[in-house]
file my_file04.tsv (TSV, C-alpha atoms)
chain	number	residue	atom	x	y	z
G	1	MET	CA	-38.66	111.99	67.59
G	2	ASN	CA	-38.34	113.75	70.96
G	3	THR	CA	-40.09	117.02	71.76
G	4	ALA	CA	-36.88	119.09	72.11
G	5	ILE	CA	-35.74	118.39	68.55
G	6	LEU	CA	-39.30	118.88	67.26
G	7	SER	CA	-39.43	122.28	68.94
G	8	LEU	CA	-36.07	123.24	67.41
G	9	THR	CA	-37.10	122.17	63.92
G	10	PHE	CA	-40.45	123.94	64.23
G	11	VAL	CA	-38.70	127.22	65.01
G	12	ILE	CA	-36.27	126.90	62.12
G	13	ASP	CA	-39.04	125.82	59.70
G	14	THR	CA	-41.32	128.73	60.58
G	15	PRO	CA	-41.28	131.00	57.50
G	16	CYS	CA	-40.45	134.15	59.45
G	17	TYR	CA	-37.58	132.79	61.56
G	18	LEU	CA	-35.22	135.22	59.80
G	19	CYS	CA	-37.38	138.22	60.71
G	20	GLY	CA	-34.82	139.74	63.01
G	21	ALA	CA	-32.60	136.65	63.36
G	22	ASP	CA	-33.80	135.81	66.83
G	23	PRO	CA	-35.36	132.35	66.73
G	24	ASP	CA	-34.92	131.84	70.50
G	25	MET	CA	-32.17	131.13	73.00
G	26	LEU	CA	-30.02	128.04	72.62
G	27	GLU	CA	-31.29	124.74	73.99
G	28	VAL	CA	-27.82	123.17	73.97
G	29	GLY	CA	-27.31	121.33	77.26
G	30	ASN	CA	-30.94	121.44	78.43
G	31	GLY	CA	-31.62	117.76	77.84
G	32	GLY	CA	-33.85	116.07	75.32
G	33	MET	CA	-31.41	116.10	72.37
G	34	THR	CA	-28.36	114.07	71.41
G	35	TYR	CA	-24.86	115.50	71.07
G	36	LYS	CA	-25.28	115.56	67.27
G	37	GLU	CA	-28.64	117.35	67.55
G	38	TYR	CA	-27.13	119.95	69.88
G	39	ARG	CA	-24.23	120.46	67.48
G	40	SER	CA	-26.71	120.91	64.61
G	41	HIS	CA	-28.73	123.39	66.66
G	42	PHE	CA	-25.64	125.48	67.47
G	43	SER	CA	-24.39	125.36	63.87
G	44	ILE	CA	-27.66	126.61	62.38
G	45	TRP	CA	-28.06	129.37	65.00
G	46	ALA	CA	-24.49	130.51	64.25
G	47	LEU	CA	-25.06	130.47	60.49
G	48	ILE	CA	-28.26	132.54	60.66
G	49	LYS	CA	-26.49	135.04	62.93
G	50	ALA	CA	-28.94	134.47	65.78
G	51	PRO	CA	-27.88	135.70	69.22
G	52	LEU	CA	-25.99	132.84	70.85
G	53	LEU	CA	-27.65	133.08	74.26
G	54	ILE	CA	-26.83	130.12	76.47
G	55	GLY	CA	-30.05	128.63	77.79
G	56	CYS	CA	-28.69	125.92	80.07
G	57	ASP	CA	-27.50	126.09	83.65
G	58	ILE	CA	-23.79	126.86	83.19
G	59	ARG	CA	-23.06	125.70	86.75
G	60	ASN	CA	-23.91	122.13	85.71
G	61	MET	CA	-22.66	122.19	82.13
G	62	THR	CA	-21.24	118.92	80.78
G	63	ALA	CA	-17.92	118.78	78.94
G	64	GLU	CA	-19.82	118.04	75.69
G	65	THR	CA	-22.03	121.10	76.15
G	66	LYS	CA	-19.03	123.30	76.90
G	67	GLU	CA	-17.25	121.94	73.81
G	68	ILE	CA	-20.19	122.89	71.60
G	69	LEU	CA	-20.83	126.31	73.13
G	70	SER	CA	-17.17	127.33	73.10
G	71	ASN	CA	-16.27	126.33	69.51
G	72	GLN	CA	-14.43	129.48	68.45
G	73	GLU	CA	-14.61	128.68	64.72
G	74	VAL	CA	-18.40	128.32	64.78
G	75	ILE	CA	-18.74	131.46	66.92
G	76	ALA	CA	-16.54	133.30	64.38
G	77	VAL	CA	-19.11	132.52	61.66
G	78	ASN	CA	-21.83	134.00	63.85
G	79	GLN	CA	-19.72	137.09	64.56
G	80	ASP	CA	-18.30	137.54	61.04
G	81	PRO	CA	-18.00	141.28	60.26
G	82	LEU	CA	-19.88	140.92	56.96
G	83	GLY	CA	-22.96	140.21	59.10
G	84	VAL	CA	-25.00	138.48	56.39
G	85	GLN	CA	-27.30	135.68	57.53
G	86	GLY	CA	-27.05	132.24	56.02
G	87	ARG	CA	-30.16	130.44	54.82
G	88	LYS	CA	-31.39	127.09	53.56
G	89	VAL	CA	-30.48	126.93	49.87
G	90	HIS	CA	-31.41	123.33	49.00
G	91	SER	CA	-33.32	120.39	50.41
G	92	ASN	CA	-33.79	116.84	49.23
G	93	GLY	CA	-35.07	113.54	50.59
G	94	THR	CA	-38.24	112.73	52.50
G	95	ASP	CA	-39.93	115.96	53.53
G	96	GLY	CA	-36.77	117.86	52.55
G	97	CYS	CA	-34.81	116.37	55.43
G	98	GLN	CA	-31.42	116.49	53.66
G	99	GLN	CA	-30.50	120.16	53.71
G	100	VAL	CA	-27.79	122.51	52.51
G	101	TRP	CA	-27.52	125.89	54.25
G	102	ALA	CA	-25.05	128.57	53.18
G	103	GLY	CA	-24.12	132.16	53.84
G	104	PRO	CA	-21.40	134.58	52.75
G	105	LEU	CA	-18.50	135.50	55.00
G	106	SER	CA	-15.96	138.30	54.79
G	107	GLY	CA	-12.91	137.58	52.65
G	108	ASN	CA	-15.02	136.00	49.87
G	109	SER	CA	-15.52	132.81	51.88
G	110	LEU	CA	-18.76	130.94	52.47
G	111	SER	CA	-20.08	129.11	55.48
G	112	VAL	CA	-21.85	125.89	54.51
G	113	VAL	CA	-23.86	123.58	56.75
G	114	LEU	CA	-24.88	120.13	55.54
G	115	TRP	CA	-27.74	119.05	57.84
G	116	ASN	CA	-29.31	115.61	57.87
G	117	ARG	CA	-32.69	115.90	59.58
G	118	CYS	CA	-33.66	112.44	58.30
G	119	MET	CA	-34.11	109.37	60.48
G	120	GLN	CA	-31.29	107.51	58.68
G	121	ALA	CA	-27.76	108.30	57.49
G	122	ALA	CA	-27.46	110.15	54.19
G	123	THR	CA	-24.92	111.67	51.84
G	124	ILE	CA	-25.59	115.36	51.31
G	125	THR	CA	-24.01	117.38	48.52
G	126	ALA	CA	-23.45	121.12	48.24
G	127	GLU	CA	-23.31	122.02	44.55
G	128	TRP	CA	-21.63	125.26	43.57
G	129	ASN	CA	-24.59	126.60	41.57
G	130	VAL	CA	-26.80	126.19	44.66
G	131	ILE	CA	-24.46	127.83	47.18
G	132	GLY	CA	-23.48	130.75	44.94
G	133	LEU	CA	-20.07	129.77	43.62
G	134	GLU	CA	-19.09	129.87	39.96
G	135	ALA	CA	-18.84	126.45	38.29
G	136	GLY	CA	-15.04	126.24	37.98
G	137	THR	CA	-14.20	127.71	41.38
G	138	SER	CA	-11.72	125.69	43.44
G	139	VAL	CA	-12.16	125.94	47.21
G	140	SER	CA	-10.45	124.84	50.37
G	141	VAL	CA	-12.93	123.15	52.73
G	142	ARG	CA	-12.41	123.58	56.48
G	143	ASP	CA	-14.51	121.51	58.89
G	144	LEU	CA	-15.33	123.75	61.87
G	145	TRP	CA	-16.11	120.83	64.19
G	146	GLN	CA	-13.00	118.81	63.32
G	147	HIS	CA	-10.88	122.00	63.26
G	148	GLU	CA	-9.07	120.99	60.09
G	149	VAL	CA	-8.99	121.42	56.34
G	150	VAL	CA	-10.64	118.29	54.94
G	151	LEU	CA	-10.10	119.10	51.25
G	152	ASN	CA	-7.77	121.58	49.58
G	153	ASN	CA	-9.16	121.60	46.07
G	154	ALA	CA	-12.91	120.99	45.82
G	155	VAL	CA	-14.44	121.90	42.46
G	156	ALA	CA	-18.13	121.90	41.40
G	157	SER	CA	-19.49	120.19	44.54
G	158	PHE	CA	-18.67	118.81	47.97
G	159	SER	CA	-20.37	115.85	49.70
G	160	ALA	CA	-20.33	114.34	53.16
G	161	GLN	CA	-21.90	111.28	54.76
G	162	LEU	CA	-23.94	112.29	57.82
G	163	ASP	CA	-25.62	110.25	60.51
G	164	ALA	CA	-29.29	110.87	61.28
G	165	HIS	CA	-29.87	114.28	62.92
G	166	ASP	CA	-26.25	115.31	62.42
G	167	CYS	CA	-24.64	118.18	60.59
G	168	ARG	CA	-21.26	119.29	59.34
G	169	MET	CA	-20.27	122.93	59.27
G	170	TYR	CA	-17.62	124.20	56.89
G	171	VAL	CA	-15.94	127.31	55.61
G	172	PHE	CA	-15.33	127.22	51.85
G	173	THR	CA	-12.51	129.53	50.82
G	174	PRO	CA	-11.94	130.08	47.10
G	175	GLN	CA	-8.32	129.36	46.13
G	176	ALA	CA	-7.97	132.83	44.58
G	177	ALA	CA	-8.90	134.31	47.97
G	178	LEU	CA	-6.26	132.13	49.65
G	179	MET	CA	-3.65	133.31	47.18
G	180	GLY	CA	-4.72	136.92	47.73
G	181	ASN	CA	-4.28	136.57	51.49
G	182	VAL	CA	-0.74	135.27	51.08
G	183	MET	CA	0.51	138.23	49.05
call {"tool": "encode", "arguments": {"input": "my_file04.tsv", "output": "structure tokens"}}
result
Amino acid sequence: MNTAILSLTFVIDTPCYLCGADPDMLEVGNGGMTYKEYRSHFSIWALIKAPLLIGCDIRNMTAETKEILSNQEVIAVNQDPLGVQGRKVHSNGTDGCQQVWAGPLSGNSLSVVLWNRCMQAATITAEWNVIGLEAGTSVSVRDLWQHEVVLNNAVASFSAQLDAHDCRMYVFTPQAALMGNVM
């Protein structure tokens, strides 16, 4: 594993990383990580409401780096008016490398990050009792990196297959909340 990703995971694993929500500036675009690792880094920083301070030279930013740093849906999670930090709510696998992170958003929605820190692909599942939803709740699942709703009626749990060192970031919106917004 390269030193950049080790440094990132050390910061996020340090017990007091939420003490003030300022783990450090973003390393996205500085070299030493893959696209998927950069996307994971940005997703977790957004979820924990860390300041999204660009740490790379913006004069030489690649298109991939710009795509990550300018994702308006991920930035919206970071800037959500509820202002409550997300946190790791479940881990599984070798050394806890399959992780579920979640945090509340305004409008009764939840932001959920499935993060595979393992060295091989894995299926990671967010179960409602772990992320704070009631058992029978039906949610719409929006993928913030694909910019689309990937499931309209998830109940009890949601799973995704992730490559090594990759993540998926979602907004789960309870169907009752969707109905309430329409009226």
call {"tool": "closest_residue", "arguments": {"input": "my_file04.tsv", "among": "G:Gln175, G:Asn152, G:Ser70, G:Gln161", "to": "G:Leu114", "atoms": "only C-alpha atoms"}}
result
G:Gln161
call {"tool": "atom_distance", "arguments": {"input": "my_file04.tsv", "atom1": "atom CA of G:Asp143", "atom2": "atom CA of G:Tyr170"}}
result
4.6 Å
call {"tool": "closest_residue", "arguments": {"input": "my_file04.tsv", "among": "G:Val113, G:Val74, G:Leu162, G:Leu133", "to": "G:His147", "atoms": "all atoms listed in the file"}}
result
G:Val74
call {"tool": "closest_residue", "arguments": {"input": "my_file04.tsv", "among": "G:Leu144, G:Val112, G:Ala154, G:Met119", "to": "G:Leu47", "atoms": "all atoms listed in the file"}}
result
G:Val112
call {"tool": "closest_residue", "arguments": {"input": "my_file04.tsv", "among": "G:Gln120, G:Ala156, G:Gln72, G:Ser109", "to": "G:Thr94", "atoms": "all atoms listed in the file"}}
result
G:Gln120
call {"tool": "atom_distance", "arguments": {"input": "my_file04.tsv", "atom1": "atom CA of G:Asn153", "atom2": "atom CA of G:Phe42"}}
result
27.3 Å
call {"tool": "closest_residue", "arguments": {"input": "my_file04.tsv", "among": "G:Asp57, G:Glu73, G:Asp95, G:Asp166", "to": "G:Ser40", "atoms": "all atoms listed in the file"}}
result
G:Asp166
call {"tool": "closest_residue", "arguments": {"input": "my_file04.tsv", "among": "G:Ala160, G:Val141, G:Leu105, G:Cys167", "to": "G:Val77", "atoms": "all atoms listed in the file"}}
result
G:Leu105
call {"tool": "atom_distance", "arguments": {"input": "my_file04.tsv", "atom1": "atom CA of G:Met61", "atom2": "atom CA of G:Ile44"}}
result
20.8 Å
call {"tool": "axis_aligned_box", "arguments": {"input": "my_file04.tsv", "around": "stretch 48-60 of chain G", "padding_each_side": "6 Å", "output": "JSON"}}
result
{"center_x": -26.6, "center_y": 128.9, "center_z": 73.7, "size_x": 19.0, "size_y": 25.6, "size_z": 38.1}
call {"tool": "residues_around", "arguments": {"input": "my_file04.tsv", "residues": "G:Gly86", "least_positions_apart": "5", "cutoff": "12 Å", "atoms": "all atoms listed in the file", "output": "list in words"}}
result
Tyr17, Leu18, Ala21, Ser43, Ile44, Trp45, Ala46, Leu47, Ile48, Lys49, Ala50, Val77, Asn78, Asp80, Val100, Trp101, Ala102, Gly103, Pro104, Leu105, Leu110, Ser111, Val112, Val113, Ile131, Gly132 and Met169 of chain G
call {"tool": "decode", "arguments": {"input": "my_file04.tsv", "residues": "stretch 128-161 of chain G", "atoms": "N, CA, C and O atoms", "output": "tab-separated table (two decimals), in the first residue's frame"}}
result
chain	number	residue	atom	x	y	z
G	128	TRP	N	-30.43	-1.29	7.82
G	128	TRP	CA	-31.19	-0.18	8.39
G	128	TRP	C	-30.93	-0.01	9.87
G	128	TRP	O	-30.78	1.11	10.35
G	129	ASN	N	-30.88	-1.11	10.64
G	129	ASN	CA	-30.68	-0.98	12.09
G	129	ASN	C	-29.32	-0.38	12.42
G	129	ASN	O	-29.16	0.23	13.47
G	130	VAL	N	-28.36	-0.50	11.53
G	130	VAL	CA	-27.02	0.05	11.75
G	130	VAL	C	-26.95	1.53	11.39
G	130	VAL	O	-26.26	2.30	12.05
G	131	ILE	N	-27.67	1.93	10.36
G	131	ILE	CA	-27.57	3.32	9.90
G	131	ILE	C	-28.65	4.23	10.49
G	131	ILE	O	-28.68	5.42	10.21
G	132	GLY	N	-29.53	3.65	11.32
G	132	GLY	CA	-30.50	4.48	12.03
G	132	GLY	C	-31.87	4.59	11.40
G	132	GLY	O	-32.64	5.48	11.76
G	133	LEU	N	-32.19	3.69	10.48
G	133	LEU	CA	-33.54	3.68	9.90
G	133	LEU	C	-34.38	2.60	10.55
G	133	LEU	O	-33.86	1.56	10.97
G	134	GLU	N	-35.68	2.83	10.63
G	134	GLU	CA	-36.58	1.81	11.15
G	134	GLU	C	-36.69	0.67	10.15
G	134	GLU	O	-36.59	0.88	8.93
G	135	ALA	N	-36.93	-0.53	10.67
G	135	ALA	CA	-36.87	-1.77	9.88
G	135	ALA	C	-37.69	-1.73	8.59
G	135	ALA	O	-37.21	-2.14	7.54
G	136	GLY	N	-38.90	-1.24	8.61
G	136	GLY	CA	-39.76	-1.28	7.43
G	136	GLY	C	-39.66	-0.08	6.51
G	136	GLY	O	-40.42	0.03	5.55
G	137	THR	N	-38.73	0.82	6.79
G	137	THR	CA	-38.62	2.05	6.01
G	137	THR	C	-38.19	1.76	4.58
G	137	THR	O	-37.24	1.04	4.34
G	138	SER	N	-38.89	2.36	3.63
G	138	SER	CA	-38.55	2.26	2.22
G	138	SER	C	-37.84	3.54	1.81
G	138	SER	O	-38.32	4.64	2.11
G	139	VAL	N	-36.69	3.40	1.15
G	139	VAL	CA	-35.92	4.58	0.76
G	139	VAL	C	-35.59	4.58	-0.73
G	139	VAL	O	-35.48	3.53	-1.35
G	140	SER	N	-35.43	5.76	-1.24
G	140	SER	CA	-34.86	5.98	-2.56
G	140	SER	C	-33.35	6.12	-2.36
G	140	SER	O	-32.91	6.80	-1.42
G	141	VAL	N	-32.56	5.49	-3.21
G	141	VAL	CA	-31.10	5.52	-3.08
G	141	VAL	C	-30.50	6.25	-4.27
G	141	VAL	O	-30.62	5.80	-5.41
G	142	ARG	N	-29.87	7.39	-4.00
G	142	ARG	CA	-29.23	8.18	-5.05
G	142	ARG	C	-27.72	8.06	-4.92
G	142	ARG	O	-27.15	8.34	-3.87
G	143	ASP	N	-27.06	7.65	-6.00
G	143	ASP	CA	-25.60	7.54	-6.05
G	143	ASP	C	-25.04	8.92	-6.42
G	143	ASP	O	-25.34	9.45	-7.50
G	144	LEU	N	-24.25	9.50	-5.52
G	144	LEU	CA	-23.75	10.86	-5.74
G	144	LEU	C	-22.60	10.93	-6.72
G	144	LEU	O	-22.27	12.02	-7.20
G	145	TRP	N	-21.98	9.80	-7.04
G	145	TRP	CA	-20.91	9.80	-8.04
G	145	TRP	C	-21.45	9.48	-9.43
G	145	TRP	O	-20.92	9.94	-10.42
G	146	GLN	N	-22.52	8.69	-9.50
G	146	GLN	CA	-23.15	8.41	-10.79
G	146	GLN	C	-24.21	9.45	-11.14
G	146	GLN	O	-24.69	9.48	-12.27
G	147	HIS	N	-24.59	10.26	-10.17
G	147	HIS	CA	-25.61	11.31	-10.34
G	147	HIS	C	-26.94	10.75	-10.80
G	147	HIS	O	-27.58	11.30	-11.70
G	148	GLU	N	-27.36	9.64	-10.16
G	148	GLU	CA	-28.64	9.05	-10.52
G	148	GLU	C	-29.20	8.21	-9.37
G	148	GLU	O	-28.46	7.74	-8.51
G	149	VAL	N	-30.53	8.07	-9.39
G	149	VAL	CA	-31.19	7.18	-8.44
G	149	VAL	C	-30.93	5.75	-8.93
G	149	VAL	O	-31.22	5.42	-10.08
G	150	VAL	N	-30.35	4.93	-8.05
G	150	VAL	CA	-30.02	3.56	-8.44
G	150	VAL	C	-31.05	2.55	-7.93
G	150	VAL	O	-31.08	1.41	-8.40
G	151	LEU	N	-31.90	2.99	-7.00
G	151	LEU	CA	-32.96	2.12	-6.49
G	151	LEU	C	-34.04	3.00	-5.89
G	151	LEU	O	-33.74	3.90	-5.10
G	152	ASN	N	-35.29	2.75	-6.27
G	152	ASN	CA	-36.39	3.57	-5.77
G	152	ASN	C	-37.04	3.05	-4.50
G	152	ASN	O	-37.72	3.80	-3.82
G	153	ASN	N	-36.85	1.78	-4.19
G	153	ASN	CA	-37.61	1.20	-3.10
G	153	ASN	C	-36.77	0.19	-2.32
G	153	ASN	O	-37.08	-0.99	-2.29
G	154	ALA	N	-35.71	0.64	-1.69
G	154	ALA	CA	-34.88	-0.25	-0.86
G	154	ALA	C	-35.52	-0.38	0.51
G	154	ALA	O	-35.94	0.61	1.11
G	155	VAL	N	-35.59	-1.60	1.03
G	155	VAL	CA	-36.16	-1.86	2.34
G	155	VAL	C	-35.23	-2.81	3.10
G	155	VAL	O	-34.76	-3.79	2.53
G	156	ALA	N	-34.93	-2.48	4.33
G	156	ALA	CA	-34.16	-3.31	5.28
G	156	ALA	C	-32.64	-3.22	5.10
G	156	ALA	O	-31.91	-3.20	6.08
G	157	SER	N	-32.16	-3.17	3.85
G	157	SER	CA	-30.71	-3.07	3.62
G	157	SER	C	-30.45	-2.68	2.18
G	157	SER	O	-31.33	-2.74	1.33
G	158	PHE	N	-29.21	-2.27	1.94
G	158	PHE	CA	-28.75	-1.93	0.59
G	158	PHE	C	-27.30	-2.37	0.47
G	158	PHE	O	-26.49	-2.10	1.36
G	159	SER	N	-26.97	-3.05	-0.62
G	159	SER	CA	-25.61	-3.57	-0.84
G	159	SER	C	-25.05	-3.09	-2.16
G	159	SER	O	-25.79	-2.81	-3.11
G	160	ALA	N	-23.72	-3.01	-2.21
G	160	ALA	CA	-23.03	-2.69	-3.45
G	160	ALA	C	-21.71	-3.46	-3.50
G	160	ALA	O	-21.07	-3.67	-2.47
G	161	GLN	N	-21.33	-3.83	-4.71
G	161	GLN	CA	-20.03	-4.46	-4.96
G	161	GLN	C	-19.03	-3.34	-5.20
G	161	GLN	O	-19.26	-2.48	-6.04
